[in-house]
file coords.cif (mmCIF, C-alpha atoms and all ligand atoms)
data_target
loop_
_atom_site.label_atom_id
_atom_site.label_comp_id
_atom_site.auth_asym_id
_atom_site.auth_seq_id
_atom_site.Cartn_x
_atom_site.Cartn_y
_atom_site.Cartn_z
CA MET A 1386 12.90 -82.85 -45.70
CA SER A 1387 11.08 -79.58 -44.98
CA ASP A 1388 11.25 -76.77 -47.51
CA ALA A 1389 10.02 -74.19 -44.98
CA PRO A 1390 11.96 -70.91 -44.97
CA VAL A 1391 14.77 -70.45 -42.46
CA LEU A 1392 15.16 -67.42 -40.18
CA LEU A 1393 18.19 -66.52 -38.06
CA VAL A 1394 17.41 -64.37 -35.02
CA THR A 1395 20.46 -62.97 -33.27
CA GLY A 1396 19.86 -62.67 -29.53
CA GLY A 1397 16.85 -64.97 -29.86
CA SER A 1398 17.07 -66.36 -26.34
CA ARG A 1399 15.33 -63.57 -24.43
CA GLY A 1400 13.15 -60.48 -24.75
CA ILE A 1401 12.25 -59.24 -28.23
CA GLY A 1402 14.38 -61.89 -29.98
CA ALA A 1403 12.63 -64.73 -28.15
CA ALA A 1404 9.22 -63.28 -29.09
CA VAL A 1405 10.32 -63.00 -32.74
CA SER A 1406 11.62 -66.59 -32.71
CA LEU A 1407 8.40 -67.98 -31.23
CA GLY A 1408 6.17 -65.89 -33.49
CA ALA A 1409 8.14 -66.77 -36.62
CA ALA A 1410 7.88 -70.48 -35.85
CA ARG A 1411 4.10 -70.10 -35.49
CA GLN A 1412 4.08 -68.59 -38.98
CA GLY A 1413 5.99 -71.55 -40.44
CA TRP A 1414 9.60 -70.41 -40.33
CA ARG A 1415 12.31 -72.80 -39.21
CA VAL A 1416 14.32 -70.79 -36.70
CA ALA A 1417 17.99 -70.54 -35.73
CA VAL A 1418 17.99 -69.04 -32.23
CA ASN A 1419 21.33 -67.35 -31.55
CA TYR A 1420 22.39 -66.47 -28.02
CA ALA A 1421 25.56 -65.19 -26.34
CA SER A 1422 25.59 -66.85 -22.92
CA ALA A 1423 22.05 -67.73 -21.77
CA LYS A 1424 22.03 -71.31 -23.07
CA ALA A 1425 19.13 -72.40 -20.88
CA ALA A 1426 16.95 -69.55 -22.13
CA ALA A 1427 17.78 -70.36 -25.77
CA ASP A 1428 17.07 -74.05 -25.15
CA ASP A 1429 13.68 -73.08 -23.66
CA VAL A 1430 12.78 -71.12 -26.82
CA VAL A 1431 13.83 -74.06 -29.00
CA ALA A 1432 11.86 -76.49 -26.83
CA ALA A 1433 8.74 -74.30 -27.02
CA ILE A 1434 9.00 -74.18 -30.83
CA LYS A 1435 9.52 -77.92 -31.10
CA GLY A 1436 6.73 -78.57 -28.61
CA ALA A 1437 4.36 -76.72 -30.93
CA GLY A 1438 5.49 -78.82 -33.90
CA GLY A 1439 8.07 -76.40 -35.31
CA GLU A 1440 11.77 -76.75 -36.07
CA ALA A 1441 14.52 -74.78 -34.36
CA ILE A 1442 18.10 -74.97 -33.16
CA ALA A 1443 20.05 -72.89 -30.65
CA ILE A 1444 23.41 -71.50 -31.81
CA GLN A 1445 25.87 -69.92 -29.38
CA GLY A 1446 27.93 -67.01 -30.64
CA ASP A 1447 28.88 -63.46 -29.67
CA VAL A 1448 28.04 -61.04 -32.50
CA GLY A 1449 30.75 -58.77 -31.11
CA ILE A 1450 33.32 -61.31 -32.36
CA ALA A 1451 33.75 -61.68 -36.13
CA ALA A 1452 34.86 -65.33 -35.93
CA ASP A 1453 31.73 -66.17 -33.93
CA ILE A 1454 29.55 -64.61 -36.64
CA SER A 1455 31.18 -66.80 -39.28
CA ALA A 1456 30.58 -69.83 -37.05
CA ILE A 1457 26.91 -68.91 -36.47
CA PHE A 1458 26.22 -68.76 -40.20
CA ALA A 1459 28.22 -71.94 -40.81
CA ALA A 1460 26.01 -73.69 -38.26
CA VAL A 1461 22.88 -72.43 -40.08
CA ASP A 1462 24.31 -73.71 -43.39
CA LYS A 1463 25.13 -77.08 -41.87
CA HIS A 1464 21.80 -77.63 -40.15
CA PHE A 1465 19.33 -76.07 -42.59
CA GLY A 1466 21.24 -75.64 -45.86
CA ARG A 1467 19.46 -72.37 -46.64
CA LEU A 1468 18.71 -68.92 -45.22
CA ASP A 1469 15.69 -66.77 -46.04
CA GLY A 1470 15.62 -64.17 -43.28
CA LEU A 1471 17.78 -62.45 -40.68
CA VAL A 1472 16.67 -60.44 -37.67
CA ASN A 1473 19.59 -58.39 -36.38
CA ASN A 1474 18.22 -58.22 -32.86
CA ALA A 1475 21.20 -58.85 -30.52
CA GLY A 1476 22.08 -55.62 -28.79
CA ILE A 1477 23.45 -54.26 -25.55
CA VAL A 1478 23.16 -51.18 -23.37
CA ALA A 1479 25.53 -50.24 -20.59
CA THR A 1480 25.17 -48.53 -17.24
CA VAL A 1481 24.00 -44.93 -17.06
CA GLU A 1482 26.93 -42.60 -17.71
CA ARG A 1483 27.45 -39.19 -19.22
CA VAL A 1484 29.58 -39.18 -22.37
CA ASP A 1485 32.42 -37.47 -20.47
CA GLU A 1486 32.47 -40.41 -18.05
CA MET A 1487 32.57 -43.23 -20.62
CA SER A 1488 35.67 -45.39 -21.06
CA PRO A 1489 37.07 -46.14 -24.52
CA GLU A 1490 36.48 -49.84 -23.85
CA ARG A 1491 32.78 -49.31 -23.17
CA ILE A 1492 32.25 -47.26 -26.34
CA GLU A 1493 34.25 -49.69 -28.45
CA ARG A 1494 32.22 -52.70 -27.25
CA MET A 1495 28.91 -50.87 -27.71
CA LEU A 1496 29.73 -50.11 -31.33
CA ARG A 1497 31.28 -53.52 -31.95
CA VAL A 1498 28.23 -55.48 -30.78
CA ASN A 1499 25.42 -53.16 -31.90
CA VAL A 1500 26.85 -51.79 -35.15
CA ALA A 1501 29.70 -53.97 -36.48
CA GLY A 1502 27.85 -57.12 -35.36
CA SER A 1503 24.72 -56.15 -37.29
CA ILE A 1504 26.67 -55.13 -40.40
CA LEU A 1505 28.73 -58.33 -40.42
CA CYS A 1506 25.63 -60.51 -39.92
CA ALA A 1507 23.85 -58.67 -42.74
CA ALA A 1508 26.88 -59.22 -44.98
CA GLU A 1509 26.77 -62.95 -44.30
CA ALA A 1510 23.02 -63.00 -45.01
CA VAL A 1511 23.39 -61.07 -48.28
CA ARG A 1512 26.05 -63.53 -49.44
CA ARG A 1513 23.46 -66.29 -49.02
CA MET A 1514 20.23 -64.54 -50.10
CA SER A 1515 21.15 -62.06 -52.86
CA SER A 1516 20.58 -63.10 -56.48
CA ARG A 1517 24.01 -61.59 -57.16
CA HIS A 1518 25.42 -64.53 -55.19
CA GLY A 1519 23.02 -67.12 -56.62
CA GLY A 1520 20.56 -66.78 -53.74
CA LYS A 1521 16.76 -66.85 -53.92
CA GLY A 1522 16.17 -63.54 -52.08
CA GLY A 1523 15.15 -62.85 -48.53
CA ALA A 1524 14.48 -60.23 -45.89
CA ILE A 1525 16.56 -58.56 -43.20
CA VAL A 1526 15.05 -56.71 -40.25
CA ASN A 1527 17.38 -54.62 -38.11
CA ILE A 1528 16.34 -53.74 -34.58
CA SER A 1529 17.09 -50.08 -34.01
CA SER A 1530 15.59 -48.01 -31.18
CA MET A 1531 13.71 -44.76 -30.62
CA ALA A 1532 16.96 -43.81 -28.87
CA ALA A 1533 18.33 -43.19 -32.38
CA VAL A 1534 15.99 -40.21 -32.60
CA LEU A 1535 15.76 -39.20 -28.93
CA GLY A 1536 19.51 -39.37 -28.15
CA SER A 1537 19.29 -40.89 -24.62
CA ALA A 1538 20.94 -37.88 -22.95
CA SER A 1539 22.19 -38.62 -19.42
CA GLN A 1540 21.54 -42.35 -19.91
CA TYR A 1541 23.53 -43.91 -22.76
CA VAL A 1542 24.27 -41.63 -25.68
CA ASP A 1543 26.72 -44.21 -27.08
CA TYR A 1544 23.84 -46.69 -27.35
CA ALA A 1545 21.63 -44.09 -29.06
CA ALA A 1546 24.41 -43.32 -31.54
CA SER A 1547 24.84 -47.03 -32.26
CA LYS A 1548 21.14 -47.27 -33.12
CA ALA A 1549 21.30 -44.18 -35.35
CA ALA A 1550 24.02 -46.04 -37.24
CA ILE A 1551 21.61 -48.94 -37.65
CA ASP A 1552 19.01 -46.60 -39.19
CA THR A 1553 21.50 -45.31 -41.75
CA PHE A 1554 22.82 -48.79 -42.44
CA THR A 1555 19.26 -49.96 -43.10
CA ILE A 1556 18.68 -47.24 -45.71
CA GLY A 1557 22.01 -47.80 -47.44
CA LEU A 1558 21.93 -51.59 -47.52
CA SER A 1559 18.28 -51.63 -48.63
CA ARG A 1560 19.20 -49.61 -51.73
CA GLU A 1561 22.32 -51.66 -52.38
CA VAL A 1562 20.46 -54.98 -52.58
CA ALA A 1563 16.94 -53.88 -53.61
CA ALA A 1564 17.32 -55.25 -57.14
CA GLU A 1565 18.78 -58.52 -55.85
CA GLY A 1566 15.67 -59.87 -54.11
CA VAL A 1567 16.65 -58.80 -50.61
CA ARG A 1568 14.50 -56.38 -48.60
CA VAL A 1569 16.07 -54.56 -45.63
CA ASN A 1570 13.98 -52.75 -43.03
CA ALA A 1571 14.24 -51.67 -39.41
CA ILE A 1572 12.06 -51.39 -36.35
CA ARG A 1573 12.53 -48.69 -33.73
CA PRO A 1574 11.08 -50.09 -30.51
CA GLY A 1575 10.26 -47.61 -27.78
CA VAL A 1576 10.31 -48.70 -24.15
CA ILE A 1577 9.69 -52.45 -24.11
CA GLU A 1578 9.38 -54.71 -21.06
CA THR A 1579 12.52 -56.87 -21.22
CA ASP A 1580 15.65 -57.63 -19.18
CA LEU A 1581 17.57 -55.00 -21.17
CA HIS A 1582 16.82 -52.25 -18.66
CA ALA A 1583 18.13 -54.28 -15.72
CA SER A 1584 21.30 -55.01 -17.69
CA GLY A 1585 21.81 -51.25 -17.83
CA GLY A 1586 21.26 -51.00 -14.06
CA LEU A 1587 17.70 -49.62 -14.37
CA PRO A 1588 15.36 -52.56 -13.64
CA ASP A 1589 12.34 -50.25 -13.16
CA ARG A 1590 13.00 -48.12 -16.27
CA ALA A 1591 10.02 -49.40 -18.30
CA ARG A 1592 7.54 -48.77 -15.47
CA GLU A 1593 9.05 -45.40 -14.55
CA LEU A 1594 8.93 -44.08 -18.12
CA ALA A 1595 5.31 -45.14 -18.66
CA PRO A 1596 3.79 -41.70 -17.81
CA MET A 1597 5.98 -40.11 -20.53
CA ILE A 1598 4.73 -42.48 -23.22
CA PRO A 1599 1.64 -41.17 -25.07
CA MET A 1600 -0.02 -44.61 -24.72
CA LYS A 1601 0.94 -44.52 -20.99
CA ARG A 1602 2.48 -47.99 -20.96
CA PRO A 1603 5.58 -49.83 -22.11
CA GLY A 1604 5.28 -52.19 -25.05
CA THR A 1605 5.58 -55.95 -24.94
CA PRO A 1606 8.12 -58.06 -26.84
CA ALA A 1607 5.21 -59.65 -28.71
CA GLU A 1608 4.07 -56.24 -29.99
CA VAL A 1609 7.53 -55.63 -31.45
CA ALA A 1610 7.66 -59.17 -32.84
CA ASP A 1611 4.39 -58.64 -34.73
CA ALA A 1612 5.93 -55.69 -36.59
CA VAL A 1613 9.12 -57.66 -37.33
CA LEU A 1614 7.08 -60.57 -38.66
CA TYR A 1615 5.14 -58.24 -40.95
CA LEU A 1616 8.38 -56.86 -42.43
CA LEU A 1617 9.67 -60.41 -42.95
CA SER A 1618 6.47 -61.54 -44.65
CA PRO A 1619 5.26 -61.43 -48.26
CA ALA A 1620 2.71 -58.83 -47.06
CA ALA A 1621 5.66 -56.40 -47.04
CA SER A 1622 6.83 -57.37 -50.55
CA TYR A 1623 7.16 -53.72 -51.70
CA VAL A 1624 8.56 -52.42 -48.40
CA THR A 1625 12.31 -51.85 -48.20
CA GLY A 1626 14.40 -49.16 -46.52
CA ALA A 1627 11.54 -48.50 -44.09
CA ILE A 1628 12.08 -47.71 -40.42
CA LEU A 1629 8.95 -48.41 -38.39
CA ASN A 1630 8.45 -46.90 -34.93
CA VAL A 1631 6.84 -49.33 -32.49
CA SER A 1632 6.83 -47.03 -29.52
CA GLY A 1633 3.34 -46.21 -28.26
CA GLY A 1634 3.64 -42.75 -29.79
CA ARG A 1635 6.86 -41.72 -28.00
P1 LIG B 1 17.42 -58.39 -23.75
O1 LIG B 1 16.14 -58.80 -23.10
O2 LIG B 1 18.54 -57.89 -22.92
O3 LIG B 1 17.93 -59.61 -24.67
C1 LIG B 1 19.09 -59.42 -25.41
C2 LIG B 1 19.32 -60.62 -26.28
O4 LIG B 1 20.49 -60.36 -27.07
C3 LIG B 1 19.59 -61.88 -25.51
O5 LIG B 1 19.06 -62.96 -26.24
C4 LIG B 1 21.11 -61.94 -25.46
O6 LIG B 1 21.64 -63.24 -25.38
C5 LIG B 1 21.44 -61.38 -26.81
N1 LIG B 1 22.78 -60.80 -26.88
C6 LIG B 1 23.30 -59.79 -26.13
N2 LIG B 1 24.56 -59.55 -26.51
C7 LIG B 1 24.84 -60.44 -27.49
C8 LIG B 1 25.98 -60.71 -28.26
N3 LIG B 1 27.11 -60.02 -28.12
N4 LIG B 1 25.92 -61.72 -29.19
C9 LIG B 1 24.79 -62.45 -29.35
N5 LIG B 1 23.67 -62.23 -28.64
C10 LIG B 1 23.71 -61.25 -27.72
O7 LIG B 1 17.17 -57.25 -24.84
P2 LIG B 1 15.85 -56.77 -25.64
O8 LIG B 1 15.24 -55.68 -24.87
O9 LIG B 1 15.06 -57.93 -26.06
O10 LIG B 1 16.57 -56.08 -26.87
C11 LIG B 1 16.64 -56.68 -28.15
C12 LIG B 1 16.96 -55.57 -29.15
O11 LIG B 1 15.96 -54.55 -29.07
C13 LIG B 1 18.30 -54.87 -28.88
O12 LIG B 1 18.94 -54.59 -30.10
C14 LIG B 1 17.88 -53.59 -28.18
O13 LIG B 1 18.82 -52.57 -28.36
C15 LIG B 1 16.58 -53.30 -28.90
N6 LIG B 1 15.68 -52.39 -28.17
C16 LIG B 1 15.17 -52.74 -26.96
C17 LIG B 1 14.33 -51.84 -26.30
C18 LIG B 1 13.73 -52.14 -24.96
O14 LIG B 1 13.12 -51.23 -24.37
N7 LIG B 1 13.86 -53.34 -24.43
C19 LIG B 1 14.03 -50.62 -26.89
C20 LIG B 1 14.59 -50.31 -28.12
C21 LIG B 1 15.40 -51.20 -28.76
P3 LIG B 1 21.86 -63.98 -23.94
O15 LIG B 1 20.47 -64.39 -23.51
O16 LIG B 1 22.74 -65.12 -24.23
O17 LIG B 1 22.45 -62.96 -23.02
#
call {"tool": "encode", "arguments": {"input": "coords.cif", "output": "structure tokens"}}
result
Amino acid sequence: MSDAPVLLVTGGSRGIGAAVSLGAARQGWRVAVNYASAKAAADDVVAAIKGAGGEAIAIQGDVGIAADISAIFAAVDKHFGRLDGLVNNAGIVATVERVDEMSPERIERMLRVNVAGSILCAAEAVRRMSSRHGGKGGAIVNISSMAAVLGSASQYVDYAASKAAIDTFTIGLSREVAAEGVRVNAIRPGVIETDLHASGGLPDRARELAPMIPMKRPGTPAEVADAVLYLLSPAASYVTGAILNVSGGR
């Protein structure tokens, strides 16, 4: 039986999460690839990892539902029997609306998936990794956004606020568990070429914003994954509570 470390990537089926899953497997992690509804995409990521000699499973579950989060971690326990890393990557945007146009339901779901989902997943991970709970330590990487700093006016301020909450959560949790062998960091991606923009009704957003980015181009999921993998790795052994911009200078 393998003693390779185990990583759970929420929203690992597409975009940044898929790149993290594939990159982590190349670095020797066994990977639990969570997805909400795109089973075929998650199965493709798992197949690619296995095809390259790695080990992975796909686990369905909506991080906006507390019972699903419990089930996701139970599936990791059952299949791998250990957990060494969590990437809180699953996240949503919504269509472009001013704040004074947003429905309560939209705002509630945004915060439930992006904020409560990440906090509840981190809590489950800490219960397994912290020395306080008999764990052997581990690393958590939260995926924030440059929106946390920029505010996303006239696009999705609720999303930006949800990511600012992730920044603060990263700082607080990192200090809470720093002496228990668990490091907690965040990445703030800038504009990255994924399906996320189309899901917010702006399929050309990455291309259209390119002139406003100092590096004059959107980033790739792999470029974000490289930064996530660094924060997960022993090379970042003294790094906790850090929030790293991966944004081409924007
Ligand atoms: P994406 O291409 O839309 O992929 C989103 C992933 O999250 C998919 O795997 C999706 O699963 C999963 N997901 C969505 N809602 C979920 C839920 N409730 N429960 C479990 N999984 C769920 O998005 P992305 O661009 O890679 O974004 C990944 C993260 O980076 C997000 O947190 C996003 O806010 C952040 N980010 C992205 C950008 C950007 O420009 N793309 C910039 C800054 C930050 P299914 O495949 O099953 O739908």
call {"tool": "closest_residue", "arguments": {"input": "coords.cif", "among": "A:Ser1515, A:Ser1622, A:Asn1527, A:Thr1579", "to": "ligand LIG 1 (chain B)", "atoms": "only C-alpha atoms and all ligand atoms"}}
result
A:Thr1579
call {"tool": "residues_near_ligand", "arguments": {"input": "coords.cif", "ligand": "ligand LIG 1 (chain B)", "cutoff": "6 Å", "atoms": "all atoms listed in the file", "output": "PDB file with C-alpha atoms, in the frame of the given file"}}
result
ATOM      1  CA  THR A1395      20.460 -62.970 -33.270  1.00  0.00           C
ATOM      2  CA  GLY A1396      19.860 -62.670 -29.530  1.00  0.00           C
ATOM      3  CA  GLY A1397      16.850 -64.970 -29.860  1.00  0.00           C
ATOM      4  CA  SER A1398      17.070 -66.360 -26.340  1.00  0.00           C
ATOM      5  CA  ARG A1399      15.330 -63.570 -24.430  1.00  0.00           C
ATOM      6  CA  GLY A1400      13.150 -60.480 -24.750  1.00  0.00           C
ATOM      7  CA  ILE A1401      12.250 -59.240 -28.230  1.00  0.00           C
ATOM      8  CA  GLY A1402      14.380 -61.890 -29.980  1.00  0.00           C
ATOM      9  CA  TYR A1420      22.390 -66.470 -28.020  1.00  0.00           C
ATOM     10  CA  ALA A1421      25.560 -65.190 -26.340  1.00  0.00           C
ATOM     11  CA  SER A1422      25.590 -66.850 -22.920  1.00  0.00           C
ATOM     12  CA  ALA A1423      22.050 -67.730 -21.770  1.00  0.00           C
ATOM     13  CA  GLY A1446      27.930 -67.010 -30.640  1.00  0.00           C
ATOM     14  CA  ASP A1447      28.880 -63.460 -29.670  1.00  0.00           C
ATOM     15  CA  VAL A1448      28.040 -61.040 -32.500  1.00  0.00           C
ATOM     16  CA  GLY A1449      30.750 -58.770 -31.110  1.00  0.00           C
ATOM     17  CA  ASN A1474      18.220 -58.220 -32.860  1.00  0.00           C
ATOM     18  CA  ALA A1475      21.200 -58.850 -30.520  1.00  0.00           C
ATOM     19  CA  GLY A1476      22.080 -55.620 -28.790  1.00  0.00           C
ATOM     20  CA  ILE A1477      23.450 -54.260 -25.550  1.00  0.00           C
ATOM     21  CA  VAL A1498      28.230 -55.480 -30.780  1.00  0.00           C
ATOM     22  CA  ILE A1528      16.340 -53.740 -34.580  1.00  0.00           C
ATOM     23  CA  SER A1529      17.090 -50.080 -34.010  1.00  0.00           C
ATOM     24  CA  SER A1530      15.590 -48.010 -31.180  1.00  0.00           C
ATOM     25  CA  PRO A1574      11.080 -50.090 -30.510  1.00  0.00           C
ATOM     26  CA  GLY A1575      10.260 -47.610 -27.780  1.00  0.00           C
ATOM     27  CA  VAL A1576      10.310 -48.700 -24.150  1.00  0.00           C
ATOM     28  CA  ILE A1577       9.690 -52.450 -24.110  1.00  0.00           C
ATOM     29  CA  GLU A1578       9.380 -54.710 -21.060  1.00  0.00           C
ATOM     30  CA  THR A1579      12.520 -56.870 -21.220  1.00  0.00           C
ATOM     31  CA  ASP A1580      15.650 -57.630 -19.180  1.00  0.00           C
ATOM     32  CA  LEU A1581      17.570 -55.000 -21.170  1.00  0.00           C
TER      33      LEU A1581
END
call {"tool": "closest_residue", "arguments": {"input": "coords.cif", "among": "A:Ala1533, A:Val1613, A:Val1526, A:Val1511", "to": "Glu1561 (chain A)", "atoms": "all atoms listed in the file"}}
result
A:Val1511
call {"tool": "residues_around", "arguments": {"input": "coords.cif", "residues": "region 1439-1442 of chain A", "least_positions_apart": "2", "cutoff": "9 Å", "atoms": "only C-alpha atoms", "output": "list in words"}}
result
Ser1406, Ala1410, Arg1411, Gly1413, Trp1414, Arg1415, Val1416, Ala1417, Val1418, Asn1419, Ala1427, Asp1428, Val1430, Val1431, Ala1432, Ala1433, Ile1434, Lys1435, Gly1436, Ala1437, Ile1444, Val1461 and His1464 of chain A
call {"tool": "closest_residue", "arguments": {"input": "coords.cif", "among": "A:Thr1480, A:Ser1539, A:Ser1387, A:Ser1503", "to": "Ala1583 (chain A)", "atoms": "only C-alpha atoms"}}
result
A:Thr1480
call {"tool": "atom_distance", "arguments": {"input": "coords.cif", "atom1": "CA of Val1569 (chain A)", "atom2": "CA of Ala1545 (chain A)"}}
result
20.4 Å
call {"tool": "residues_around", "arguments": {"input": "coords.cif", "residues": "Pro1596 (chain A)", "least_positions_apart": "5", "cutoff": "12 Å", "atoms": "all atoms listed in the file", "output": "PyMOL selection string"}}
result
chain A and resi 1576+1590-1591+1601-1603+1633+1635
call {"tool": "closest_residue", "arguments": {"input": "coords.cif", "among": "A:Val1567, A:Ala1409, A:Ala1389, A:Met1487", "to": "Tyr1544 (chain A)", "atoms": "all atoms listed in the file"}}
result
A:Met1487
call {"tool": "atom_distance", "arguments": {"input": "coords.cif", "atom1": "CA of Asp1485 (chain A)", "atom2": "CA of Gly1536 (chain A)"}}
result
15.1 Å
call {"tool": "closest_residue", "arguments": {"input": "coords.cif", "among": "A:Met1514, A:Ala1524, A:Gly1438, A:Met1531", "to": "Ala1620 (chain A)", "atoms": "only C-alpha atoms"}}
result
A:Ala1524
call {"tool": "atom_distance", "arguments": {"input": "coords.cif", "atom1": "CA of Val1481 (chain A)", "atom2": "CA of Ala1426 (chain A)"}}
result
26.1 Å
call {"tool": "residues_around", "arguments": {"input": "coords.cif", "residues": "Tyr1541 (chain A)", "least_positions_apart": "4", "cutoff": "12 Å", "atoms": "all atoms listed in the file", "output": "MDAnalysis selection string"}}
result
chainID A and resid 1477:1487 1491:1492 1495 1532:1533 1535:1537 1545:1548 1582 1585:1587
call {"tool": "residues_around", "arguments": {"input": "coords.cif", "residues": "Ala1507 (chain A)", "least_positions_apart": "2", "cutoff": "8 Å", "atoms": "all atoms listed in the file", "output": "ChimeraX atom specification"}}
result
/A:1471,1473,1503-1505,1509-1511,1525
call {"tool": "axis_aligned_box", "arguments": {"input": "coords.cif", "around": "region 1472-1484 of chain A", "padding_each_side": "8 Å", "output": "AutoDock Vina command-line options"}}
result
--center_x 23.1 --center_y -49.8 --center_z -27.4 --size_x 28.9 --size_y 37.3 --size_z 36.6
call {"tool": "closest_residue", "arguments": {"input": "coords.cif", "among": "A:Ala1563, A:Val1405, A:Val1500, A:Val1534", "to": "Gly1522 (chain A)", "atoms": "all atoms listed in the file"}}
result
A:Ala1563
call {"tool": "decode", "arguments": {"input": "coords.cif", "residues": "region 1601-1614 of chain A", "atoms": "N, CA and C atoms", "output": "PDB file, in the first residue's frame"}}
result
ATOM      1  N   LYS A1601      -0.107  42.063 -19.906  1.00  0.00           N
ATOM      2  CA  LYS A1601      -0.853  42.111 -21.180  1.00  0.00           C
ATOM      3  C   LYS A1601      -1.415  40.765 -21.624  1.00  0.00           C
ATOM      4  N   ARG A1602      -1.630  39.873 -20.671  1.00  0.00           N
ATOM      5  CA  ARG A1602      -2.254  38.589 -21.017  1.00  0.00           C
ATOM      6  C   ARG A1602      -2.888  37.989 -19.779  1.00  0.00           C
ATOM      7  N   PRO A1603      -3.927  37.151 -19.975  1.00  0.00           N
ATOM      8  CA  PRO A1603      -4.455  36.405 -18.841  1.00  0.00           C
ATOM      9  C   PRO A1603      -3.461  35.323 -18.428  1.00  0.00           C
ATOM     10  N   GLY A1604      -3.640  34.803 -17.227  1.00  0.00           N
ATOM     11  CA  GLY A1604      -2.812  33.685 -16.791  1.00  0.00           C
ATOM     12  C   GLY A1604      -3.431  32.362 -17.177  1.00  0.00           C
ATOM     13  N   THR A1605      -2.650  31.300 -17.044  1.00  0.00           N
ATOM     14  CA  THR A1605      -3.167  29.961 -17.324  1.00  0.00           C
ATOM     15  C   THR A1605      -3.413  29.236 -16.000  1.00  0.00           C
ATOM     16  N   PRO A1606      -4.317  28.243 -16.014  1.00  0.00           N
ATOM     17  CA  PRO A1606      -4.519  27.445 -14.801  1.00  0.00           C
ATOM     18  C   PRO A1606      -3.216  26.826 -14.294  1.00  0.00           C
ATOM     19  N   ALA A1607      -2.347  26.430 -15.215  1.00  0.00           N
ATOM     20  CA  ALA A1607      -1.081  25.803 -14.795  1.00  0.00           C
ATOM     21  C   ALA A1607      -0.205  26.789 -14.033  1.00  0.00           C
ATOM     22  N   GLU A1608      -0.253  28.071 -14.416  1.00  0.00           N
ATOM     23  CA  GLU A1608       0.565  29.058 -13.701  1.00  0.00           C
ATOM     24  C   GLU A1608       0.072  29.257 -12.265  1.00  0.00           C
ATOM     25  N   VAL A1609      -1.246  29.160 -12.068  1.00  0.00           N
ATOM     26  CA  VAL A1609      -1.779  29.234 -10.705  1.00  0.00           C
ATOM     27  C   VAL A1609      -1.423  27.956  -9.946  1.00  0.00           C
ATOM     28  N   ALA A1610      -1.553  26.825 -10.637  1.00  0.00           N
ATOM     29  CA  ALA A1610      -1.264  25.534  -9.987  1.00  0.00           C
ATOM     30  C   ALA A1610       0.170  25.488  -9.481  1.00  0.00           C
ATOM     31  N   ASP A1611       1.115  26.030 -10.248  1.00  0.00           N
ATOM     32  CA  ASP A1611       2.518  26.007  -9.806  1.00  0.00           C
ATOM     33  C   ASP A1611       2.683  26.710  -8.457  1.00  0.00           C
ATOM     34  N   ALA A1612       1.975  27.823  -8.278  1.00  0.00           N
ATOM     35  CA  ALA A1612       2.073  28.557  -7.008  1.00  0.00           C
ATOM     36  C   ALA A1612       1.399  27.769  -5.877  1.00  0.00           C
ATOM     37  N   VAL A1613       0.281  27.135  -6.174  1.00  0.00           N
ATOM     38  CA  VAL A1613      -0.399  26.303  -5.167  1.00  0.00           C
ATOM     39  C   VAL A1613       0.522  25.162  -4.735  1.00  0.00           C
ATOM     40  N   LEU A1614       1.147  24.528  -5.721  1.00  0.00           N
ATOM     41  CA  LEU A1614       2.001  23.368  -5.417  1.00  0.00           C
ATOM     42  C   LEU A1614       3.202  23.775  -4.588  1.00  0.00           C
TER      43      LEU A1614
END
